[in-house]
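Coordinates from target05.csv are shown below (CSV, N, CA and C atoms).
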chain,number,residue,atom,x,y,z
A,1,MET,N,0.8,-1.2,0.0
A,1,MET,CA,0.0,0.0,0.0
A,1,MET,C,0.9,1.2,0.0
A,2,ALA,N,0.5,2.3,-0.7
A,2,ALA,CA,1.3,3.5,-0.8
A,2,ALA,C,1.1,4.4,0.4
A,3,GLU,N,2.1,5.0,0.8
A,3,GLU,CA,2.0,6.0,1.9
A,3,GLU,C,1.3,7.2,1.4
A,4,SER,N,0.5,7.8,2.3
A,4,SER,CA,-0.2,9.1,1.9
A,4,SER,C,0.8,10.2,2.2
A,5,ALA,N,1.1,11.0,1.2
A,5,ALA,CA,2.0,12.1,1.3
A,5,ALA,C,1.4,13.3,1.9
A,6,LEU,N,2.1,14.0,2.7
A,6,LEU,CA,1.6,15.2,3.4
A,6,LEU,C,1.8,16.4,2.4
A,7,THR,N,0.7,17.1,2.1
A,7,THR,CA,0.8,18.2,1.2
A,7,THR,C,0.7,19.5,2.0
A,8,ARG,N,1.5,20.4,1.6
A,8,ARG,CA,1.4,21.8,2.2
A,8,ARG,C,0.8,22.7,1.2
A,9,HIS,N,0.1,23.8,1.7
A,9,HIS,CA,-0.5,24.8,0.9
A,9,HIS,C,-0.1,26.2,1.2
A,10,PRO,N,1.1,26.6,0.8
A,10,PRO,CA,1.5,28.0,1.2
A,10,PRO,C,0.7,29.1,0.5
A,11,ILE,N,0.2,28.8,-0.7
A,11,ILE,CA,-0.6,29.8,-1.5
A,11,ILE,C,-1.9,30.0,-0.7
A,12,ARG,N,-2.5,28.9,-0.3
A,12,ARG,CA,-3.8,29.0,0.4
A,12,ARG,C,-3.6,29.8,1.7
A,13,GLY,N,-2.4,29.5,2.4
A,13,GLY,CA,-2.1,30.2,3.6
A,13,GLY,C,-1.9,31.7,3.4
A,14,GLY,N,-1.3,32.1,2.3
A,14,GLY,CA,-1.1,33.5,1.9
A,14,GLY,C,-2.4,34.2,1.6
A,15,ILE,N,-3.3,33.4,0.9
A,15,ILE,CA,-4.6,34.0,0.6
A,15,ILE,C,-5.4,34.3,1.9
A,16,TRP,N,-5.4,33.3,2.8
A,16,TRP,CA,-6.1,33.5,4.1
A,16,TRP,C,-5.4,34.5,4.9
A,17,GLY,N,-4.1,34.8,4.7
A,17,GLY,CA,-3.4,35.8,5.5
A,17,GLY,C,-3.9,37.2,5.1
A,18,ILE,N,-4.4,37.4,3.9
A,18,ILE,CA,-4.9,38.8,3.5
A,18,ILE,C,-6.0,39.2,4.4
A,19,PRO,N,-7.2,38.5,4.6
A,19,PRO,CA,-8.2,39.0,5.4
A,19,PRO,C,-7.8,39.0,6.9
A,20,THR,N,-6.9,38.1,7.3
A,20,THR,CA,-6.4,38.1,8.7
A,20,THR,C,-5.6,39.3,9.0
A,21,GLY,N,-4.7,39.7,8.1
A,21,GLY,CA,-3.9,40.9,8.2
A,21,GLY,C,-4.7,42.1,8.2
A,22,LEU,N,-5.7,42.2,7.3
A,22,LEU,CA,-6.6,43.4,7.2
A,22,LEU,C,-7.4,43.5,8.5
A,23,GLY,N,-7.9,42.4,9.0
A,23,GLY,CA,-8.7,42.4,10.2
A,23,GLY,C,-7.8,42.8,11.4
A,24,LEU,N,-6.6,42.4,11.5
A,24,LEU,CA,-5.7,42.8,12.6
A,24,LEU,C,-5.4,44.3,12.4
A,25,GLY,N,-5.2,44.8,11.2
A,25,GLY,CA,-5.0,46.2,11.0
A,25,GLY,C,-6.2,47.0,11.4
A,26,LEU,N,-7.4,46.5,11.1
A,26,LEU,CA,-8.6,47.3,11.5
A,26,LEU,C,-8.7,47.3,13.0
A,27,LEU,N,-8.4,46.2,13.7
A,27,LEU,CA,-8.4,46.1,15.1
A,27,LEU,C,-7.4,47.1,15.7
A,28,ALA,N,-6.2,47.2,15.1
A,28,ALA,CA,-5.1,48.1,15.6
A,28,ALA,C,-5.6,49.5,15.4
A,29,VAL,N,-6.2,49.8,14.3
A,29,VAL,CA,-6.7,51.2,14.1
A,29,VAL,C,-7.8,51.6,15.1
A,30,ASN,N,-8.8,50.6,15.3
A,30,ASN,CA,-9.9,50.9,16.2
A,30,ASN,C,-9.4,51.0,17.7
A,31,SER,N,-8.4,50.3,18.0
A,31,SER,CA,-7.9,50.4,19.4
A,31,SER,C,-6.9,51.5,19.6
A,32,GLN,N,-6.7,52.3,18.5
A,32,GLN,CA,-5.9,53.6,18.5
A,32,GLN,C,-4.4,53.3,18.8
A,33,LYS,N,-3.9,52.1,18.3
A,33,LYS,CA,-2.5,51.8,18.4
A,33,LYS,C,-1.8,52.4,17.2
A,34,PHE,N,-2.5,52.5,16.0
A,34,PHE,CA,-1.9,53.0,14.8
A,34,PHE,C,-2.8,54.0,14.2
A,35,ALA,N,-2.3,54.9,13.4
A,35,ALA,CA,-3.1,56.0,12.8
A,35,ALA,C,-3.9,55.3,11.6
A,36,LEU,N,-5.0,55.9,11.3
A,36,LEU,CA,-5.8,55.4,10.2
A,36,LEU,C,-5.2,55.9,8.9
A,37,SER,N,-4.6,55.0,8.1
A,37,SER,CA,-4.0,55.4,6.8
A,37,SER,C,-4.0,54.1,5.9
A,38,ILE,N,-3.8,54.4,4.7
A,38,ILE,CA,-3.7,53.3,3.7
A,38,ILE,C,-2.4,52.4,4.0
A,39,SER,N,-1.4,53.1,4.4
A,39,SER,CA,-0.1,52.3,4.7
A,39,SER,C,-0.3,51.3,5.8
A,40,THR,N,-1.1,51.7,6.8
A,40,THR,CA,-1.3,50.8,7.9
A,40,THR,C,-1.9,49.5,7.4
A,41,PHE,N,-3.0,49.5,6.6
A,41,PHE,CA,-3.6,48.3,6.1
A,41,PHE,C,-2.7,47.6,5.1
A,42,VAL,N,-1.9,48.3,4.3
A,42,VAL,CA,-1.0,47.6,3.4
A,42,VAL,C,0.0,46.8,4.2
A,43,ILE,N,0.6,47.5,5.2
A,43,ILE,CA,1.6,46.8,6.0
A,43,ILE,C,1.0,45.6,6.7
A,44,PHE,N,-0.2,45.7,7.4
A,44,PHE,CA,-0.8,44.6,8.0
A,44,PHE,C,-1.2,43.5,7.1
A,45,GLY,N,-1.7,43.9,5.9
A,45,GLY,CA,-2.0,42.9,4.9
A,45,GLY,C,-0.9,42.1,4.4
A,46,LEU,N,0.3,42.8,4.1
A,46,LEU,CA,1.5,42.1,3.7
A,46,LEU,C,2.0,41.2,4.8
A,47,LEU,N,2.0,41.7,6.1
A,47,LEU,CA,2.4,40.8,7.2
A,47,LEU,C,1.5,39.6,7.3
A,48,GLY,N,0.2,39.8,7.1
A,48,GLY,CA,-0.7,38.6,7.2
A,48,GLY,C,-0.4,37.6,6.1
A,49,VAL,N,-0.1,38.1,4.9
A,49,VAL,CA,0.3,37.2,3.8
A,49,VAL,C,1.5,36.4,4.1
A,50,ALA,N,2.5,37.1,4.6
A,50,ALA,CA,3.8,36.4,5.0
A,50,ALA,C,3.6,35.4,6.1
A,51,VAL,N,2.9,35.8,7.2
A,51,VAL,CA,2.7,34.9,8.3
A,51,VAL,C,1.8,33.7,7.9
A,52,GLY,N,0.8,34.0,7.0
A,52,GLY,CA,-0.1,32.9,6.6
A,52,GLY,C,0.7,31.9,5.7
A,53,ALA,N,1.5,32.4,4.8
A,53,ALA,CA,2.3,31.5,3.9
A,53,ALA,C,3.4,30.7,4.7
A,54,LEU,N,4.0,31.3,5.7
A,54,LEU,CA,5.0,30.6,6.5
A,54,LEU,C,4.3,29.6,7.4
A,55,TRP,N,3.2,29.9,8.0
A,55,TRP,CA,2.5,29.0,8.8
A,55,TRP,C,2.0,27.8,8.0
A,56,ALA,N,1.5,28.0,6.8
A,56,ALA,CA,1.1,26.9,5.9
A,56,ALA,C,2.2,26.1,5.5
A,57,SER,N,3.4,26.6,5.4
A,57,SER,CA,4.6,25.9,4.9
A,57,SER,C,5.2,25.1,6.0
A,58,PHE,N,5.3,25.7,7.2
A,58,PHE,CA,6.2,25.1,8.3
A,58,PHE,C,5.4,24.8,9.5
A,59,GLY,N,4.1,25.2,9.6
A,59,GLY,CA,3.4,24.9,10.8
A,59,GLY,C,3.0,23.5,11.0
A,60,PRO,N,2.4,23.1,12.1
A,60,PRO,CA,2.0,21.7,12.4
A,60,PRO,C,0.9,21.3,11.3
A,61,ALA,N,1.1,20.1,10.8
A,61,ALA,CA,0.2,19.6,9.8
A,61,ALA,C,-0.9,18.7,10.4
A,62,LYS,N,-2.0,18.7,9.8
A,62,LYS,CA,-3.1,17.8,10.2
A,62,LYS,C,-2.9,16.4,9.5
A,63,LYS,N,-3.5,15.4,10.1
A,63,LYS,CA,-3.4,14.1,9.5
A,63,LYS,C,-4.3,14.1,8.2
A,64,PRO,N,-3.9,13.5,7.2
A,64,PRO,CA,-4.8,13.4,6.0
A,64,PRO,C,-6.1,12.7,6.3
A,65,LYS,N,-7.2,13.2,5.7
A,65,LYS,CA,-8.5,12.7,5.9
A,65,LYS,C,-8.7,11.5,5.0
A,66,GLY,N,-9.4,10.5,5.6
A,66,GLY,CA,-9.7,9.3,4.8
A,66,GLY,C,-8.5,8.3,4.8
A,67,ALA,N,-8.8,7.2,4.1
A,67,ALA,CA,-7.8,6.1,4.0
A,67,ALA,C,-6.8,6.5,3.0
A,68,PRO,N,-5.6,6.0,3.1
A,68,PRO,CA,-4.6,6.3,2.1
A,68,PRO,C,-5.0,5.6,0.8
A,69,PRO,N,-4.5,6.2,-0.4
A,69,PRO,CA,-4.9,5.6,-1.7
A,69,PRO,C,-4.3,4.3,-1.9
A,70,GLU,N,-5.1,3.4,-2.5
A,70,GLU,CA,-4.6,2.1,-2.8
A,70,GLU,C,-3.6,2.1,-4.0
A,71,ASP,N,-2.9,1.0,-4.1
A,71,ASP,CA,-2.0,0.9,-5.2
A,71,ASP,C,-2.8,0.7,-6.5
A,72,VAL,N,-2.4,1.4,-7.6
A,72,VAL,CA,-3.1,1.4,-8.8
A,72,VAL,C,-3.1,0.0,-9.4
A,73,ALA,N,-2.1,-0.8,-9.2
A,73,ALA,CA,-2.0,-2.1,-9.8
A,73,ALA,C,-3.0,-3.1,-9.1
A,74,ALA,N,-3.3,-2.8,-7.8
A,74,ALA,CA,-4.2,-3.6,-7.1
A,74,ALA,C,-5.7,-3.4,-7.4
A,75,GLN,N,-6.0,-2.3,-8.0
A,75,GLN,CA,-7.4,-1.9,-8.4
A,75,GLN,C,-7.9,-2.8,-9.5
A,76,PRO,N,-9.1,-3.2,-9.5
A,76,PRO,CA,-9.7,-4.0,-10.6
A,76,PRO,C,-9.8,-3.2,-11.8
A,77,GLN,N,-9.4,-3.8,-12.9
A,77,GLN,CA,-9.5,-3.2,-14.2
A,77,GLN,C,-10.9,-3.4,-14.9
A,78,PRO,N,-11.4,-2.5,-15.6
A,78,PRO,CA,-12.7,-2.7,-16.3
A,78,PRO,C,-12.7,-3.8,-17.3
A,79,LEU,N,-13.7,-4.5,-17.5
A,79,LEU,CA,-13.8,-5.5,-18.4
A,79,LEU,C,-14.2,-5.0,-19.8
A,80,ASN,N,-13.6,-5.5,-20.8
A,80,ASN,CA,-13.9,-5.1,-22.2
A,80,ASN,C,-14.9,-6.1,-22.7
A,81,ASN,N,-16.1,-6.0,-22.4
A,81,ASN,CA,-17.1,-7.0,-22.7
A,81,ASN,C,-17.9,-6.3,-23.9
A,82,PRO,N,-17.8,-6.9,-25.1
A,82,PRO,CA,-18.5,-6.2,-26.2
A,82,PRO,C,-20.0,-6.5,-26.1
A,83,VAL,N,-20.5,-7.5,-25.4
A,83,VAL,CA,-21.9,-7.8,-25.2
A,83,VAL,C,-22.6,-6.7,-24.4
A,84,ALA,N,-21.8,-6.1,-23.4
A,84,ALA,CA,-22.4,-5.1,-22.6
A,84,ALA,C,-22.6,-3.8,-23.3
A,85,TYR,N,-21.9,-3.6,-24.4
A,85,TYR,CA,-22.0,-2.3,-25.1
A,85,TYR,C,-22.8,-2.5,-26.5
A,86,GLN,N,-23.4,-3.6,-26.7
A,86,GLN,CA,-24.2,-3.8,-27.9
A,86,GLN,C,-25.4,-2.9,-28.0
A,87,ALA,N,-25.6,-2.3,-29.1
A,87,ALA,CA,-26.8,-1.5,-29.3
A,87,ALA,C,-28.0,-2.4,-29.3
A,88,THR,N,-29.1,-2.0,-28.6
A,88,THR,CA,-30.3,-2.8,-28.6
A,88,THR,C,-31.3,-2.1,-29.5
A,89,ALA,N,-32.3,-2.8,-30.0
A,89,ALA,CA,-33.3,-2.3,-30.8
A,89,ALA,C,-34.3,-1.5,-29.9
A,90,ASP,N,-34.9,-0.4,-30.5
A,90,ASP,CA,-35.8,0.4,-29.7
A,90,ASP,C,-37.0,-0.4,-29.4
A,91,PRO,N,-37.6,-0.3,-28.2
A,91,PRO,CA,-38.8,-1.0,-27.9
A,91,PRO,C,-40.0,-0.4,-28.6
A,92,ALA,N,-41.0,-1.2,-28.8
A,92,ALA,CA,-42.2,-0.8,-29.5
A,92,ALA,C,-42.8,0.4,-28.7
A,93,PRO,N,-43.3,1.4,-29.4
A,93,PRO,CA,-43.9,2.5,-28.7
A,93,PRO,C,-45.2,2.1,-28.0
A,94,LEU,N,-45.5,2.7,-26.9
A,94,LEU,CA,-46.6,2.3,-26.1
A,94,LEU,C,-47.9,3.0,-26.7
A,95,ALA,N,-49.0,2.3,-26.6
A,95,ALA,CA,-50.3,2.9,-27.1
A,95,ALA,C,-50.7,4.0,-26.1
A,96,PRO,N,-51.4,5.0,-26.5
A,96,PRO,CA,-51.8,6.0,-25.6
A,96,PRO,C,-52.9,5.4,-24.7
A,97,PRO,N,-53.1,6.0,-23.5
A,97,PRO,CA,-54.1,5.5,-22.6
A,97,PRO,C,-55.5,5.7,-23.2
A,98,PRO,N,-56.5,4.9,-22.9
A,98,PRO,CA,-57.8,4.9,-23.6
A,98,PRO,C,-58.5,6.2,-23.5
A,99,GLN,N,-58.4,7.0,-22.4
A,99,GLN,CA,-59.2,8.2,-22.2
A,99,GLN,C,-58.5,9.4,-22.7
A,100,SER,N,-57.2,9.3,-23.1
A,100,SER,CA,-56.5,10.5,-23.5
A,100,SER,C,-56.8,10.8,-25.0
A,101,PRO,N,-56.8,12.1,-25.4
A,101,PRO,CA,-57.0,12.4,-26.8
A,101,PRO,C,-55.8,11.9,-27.6
A,102,ALA,N,-55.9,11.8,-28.9
A,102,ALA,CA,-54.8,11.4,-29.8
A,102,ALA,C,-53.7,12.5,-29.7
A,103,PRO,N,-52.5,12.1,-29.9
A,103,PRO,CA,-51.4,13.1,-29.9
A,103,PRO,C,-51.6,14.1,-31.0
A,104,GLY,N,-51.4,15.4,-30.7
A,104,GLY,CA,-51.5,16.4,-31.6
A,104,GLY,C,-52.9,17.0,-31.7
A,105,SER,N,-53.9,16.4,-31.1
A,105,SER,CA,-55.3,17.0,-31.2
A,105,SER,C,-55.4,18.0,-30.1
A,106,LEU,N,-56.3,19.0,-30.3
A,106,LEU,CA,-56.5,20.0,-29.3
A,106,LEU,C,-57.7,19.8,-28.5
A,107,ALA,N,-58.2,18.6,-28.5
A,107,ALA,CA,-59.4,18.3,-27.8
A,107,ALA,C,-59.1,18.3,-26.3
A,108,PRO,N,-60.0,18.9,-25.5
A,108,PRO,CA,-59.7,18.9,-24.0
A,108,PRO,C,-60.0,17.5,-23.5
A,109,PRO,N,-59.4,17.1,-22.3
A,109,PRO,CA,-59.7,15.8,-21.8
A,109,PRO,C,-61.2,15.8,-21.3
A,110,PRO,N,-61.7,14.6,-21.2
A,110,PRO,CA,-63.1,14.5,-20.8
A,110,PRO,C,-63.3,15.0,-19.4
A,111,ALA,N,-64.5,15.7,-19.2
A,111,ALA,CA,-64.8,16.3,-17.9
A,111,ALA,C,-65.3,15.2,-17.0
A,112,ARG,N,-65.0,15.3,-15.8
A,112,ARG,CA,-65.6,14.4,-14.8
A,112,ARG,C,-66.8,15.0,-14.2
A,113,PRO,N,-67.8,14.2,-13.9
A,113,PRO,CA,-69.0,14.8,-13.3
A,113,PRO,C,-68.7,15.2,-11.8
A,114,LEU,N,-69.5,16.3,-11.5
A,114,LEU,CA,-69.4,16.8,-10.1
A,114,LEU,C,-70.2,15.9,-9.2
A,115,THR,N,-69.7,15.6,-8.0
A,115,THR,CA,-70.4,14.8,-7.0
A,115,THR,C,-70.6,15.7,-5.7
A,116,ASP,N,-71.2,15.2,-4.7
A,116,ASP,CA,-71.4,15.9,-3.5
A,116,ASP,C,-70.1,16.0,-2.7
A,117,SER,N,-69.2,15.1,-3.0
A,117,SER,CA,-67.9,15.2,-2.2
A,117,SER,C,-67.0,16.3,-2.8
A,118,ASP,N,-67.3,16.8,-4.0
A,118,ASP,CA,-66.4,17.9,-4.6
A,118,ASP,C,-66.7,19.2,-3.9
A,119,PRO,N,-65.7,20.0,-3.6
A,119,PRO,CA,-65.9,21.2,-2.9
A,119,PRO,C,-66.6,22.3,-3.8
A,120,GLY,N,-66.5,22.2,-5.1
A,120,GLY,CA,-67.1,23.1,-6.0
A,120,GLY,C,-68.6,22.8,-6.2
A,121,ALA,N,-69.1,21.7,-5.8
A,121,ALA,CA,-70.5,21.3,-6.1
A,121,ALA,C,-71.5,22.1,-5.3
A,122,SER,N,-71.2,22.6,-4.1
A,122,SER,CA,-72.2,23.3,-3.3
A,122,SER,C,-72.1,24.8,-3.5
A,123,SER,N,-71.1,25.3,-4.2
A,123,SER,CA,-71.0,26.8,-4.4
A,123,SER,C,-71.9,27.2,-5.5
A,124,PRO,N,-72.5,28.4,-5.4
A,124,PRO,CA,-73.4,28.8,-6.5
A,124,PRO,C,-72.6,29.2,-7.7
A,125,PRO,N,-73.2,29.1,-8.9
A,125,PRO,CA,-72.5,29.5,-10.1
A,125,PRO,C,-72.2,31.0,-10.2
A,126,ILE,N,-71.2,31.4,-10.8
A,126,ILE,CA,-70.8,32.8,-10.9
A,126,ILE,C,-71.4,33.4,-12.1
Could I get this structure in the form of structure tokens?
Amino acid sequence: MAESALTRHPIRGGIWGIPTGLGLGLLAVNSQKFALSISTFVIFGLLGVAVGALWASFGPAKKPKGAPPEDVAAQPQPLNNPVAYQATADPAPLAPPPQSPAPGSLAPPPARPLTDSDPGASSPPI
């Protein structure tokens, strides 16, 4: 069985570092530790990208989810069965139901009679 390789994602860490850095910059400006300026958010954004990429590259890794992949040679190969792929003849078309109008006609379906159990039977005509 093949060992599952641990993969790192520094690009993903850098992308997640952008909102983290901007959020920390906003927190620093709101707590009046830094002045409100564009350079504050640029510096915190770049620091967030750097810290996120470094953490994704060298930080502790999680265990891979799921079972490790099986060896390709051990997997069953598909069968080349020509019988399974033979084209079959189209089945005979079904006859229309006895009460339905013929295809293409504009005749409405037959009306059913009203009975006492119908809610519209007791209402007066409009």
Atom N of Thr40 (chain A) to atom C of Gly17 (chain A), straight-line distance in Å: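 Straight-line distance from atom C of Gly17 (chain A) to atom N of Thr40 (chain A) works out to 14.9 Å.
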Which polymer residues, whether protein, DNA or RNA, lie within 8 Å of the coordinate (-4.5, 35.8, 5.3) when you count all atoms listed in the file? List them as JSON, numbers by chain, using the chain letters and numbers from the file. {"A": [12, 13, 14, 15, 16, 17, 18, 19, 20, 21, 22, 45, 47, 48, 49, 50, 51, 52, 53]}
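With CA of Phe41 (chain A) on one side and CA of Gly25 (chain A) on the other, the separation reads 5.5 Å.
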Between atom N of Ile43 (chain A) and atom C of Asn30 (chain A), what is the distance, to one decimal in Å?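 Atom C of Asn30 (chain A) lies at a distance of 16.4 Å from atom N of Ile43 (chain A).
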Of A:Leu106, A:Leu27, A:Ala111, A:Ile11, the one nearest to Ser57 (chain A) when counting only C-alpha atoms is A:Ile11
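The nearest approach to Val42 (chain A) among the residues A:Leu54, A:Leu24, A:Gly59, A:Lys65, with only C-alpha atoms taken into account, belongs to A:Leu24.
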Name the residues in contact with Lys63 (chain A) at a cut-off of 8 Å, using all atoms listed in the file, excluding same-chain residues fewer than 3 positions from it; report them as a PyMOL selection string. chain A and resi 6+60+66
Given only N, CA and C atoms as the basis, pick out the residue of A:Gln32, A:Lys62, A:Ala56, A:Gly23 nearest to Phe44 (chain A).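 Using only N, CA and C atoms, Phe44 (chain A) sits closest to A:Gly23.
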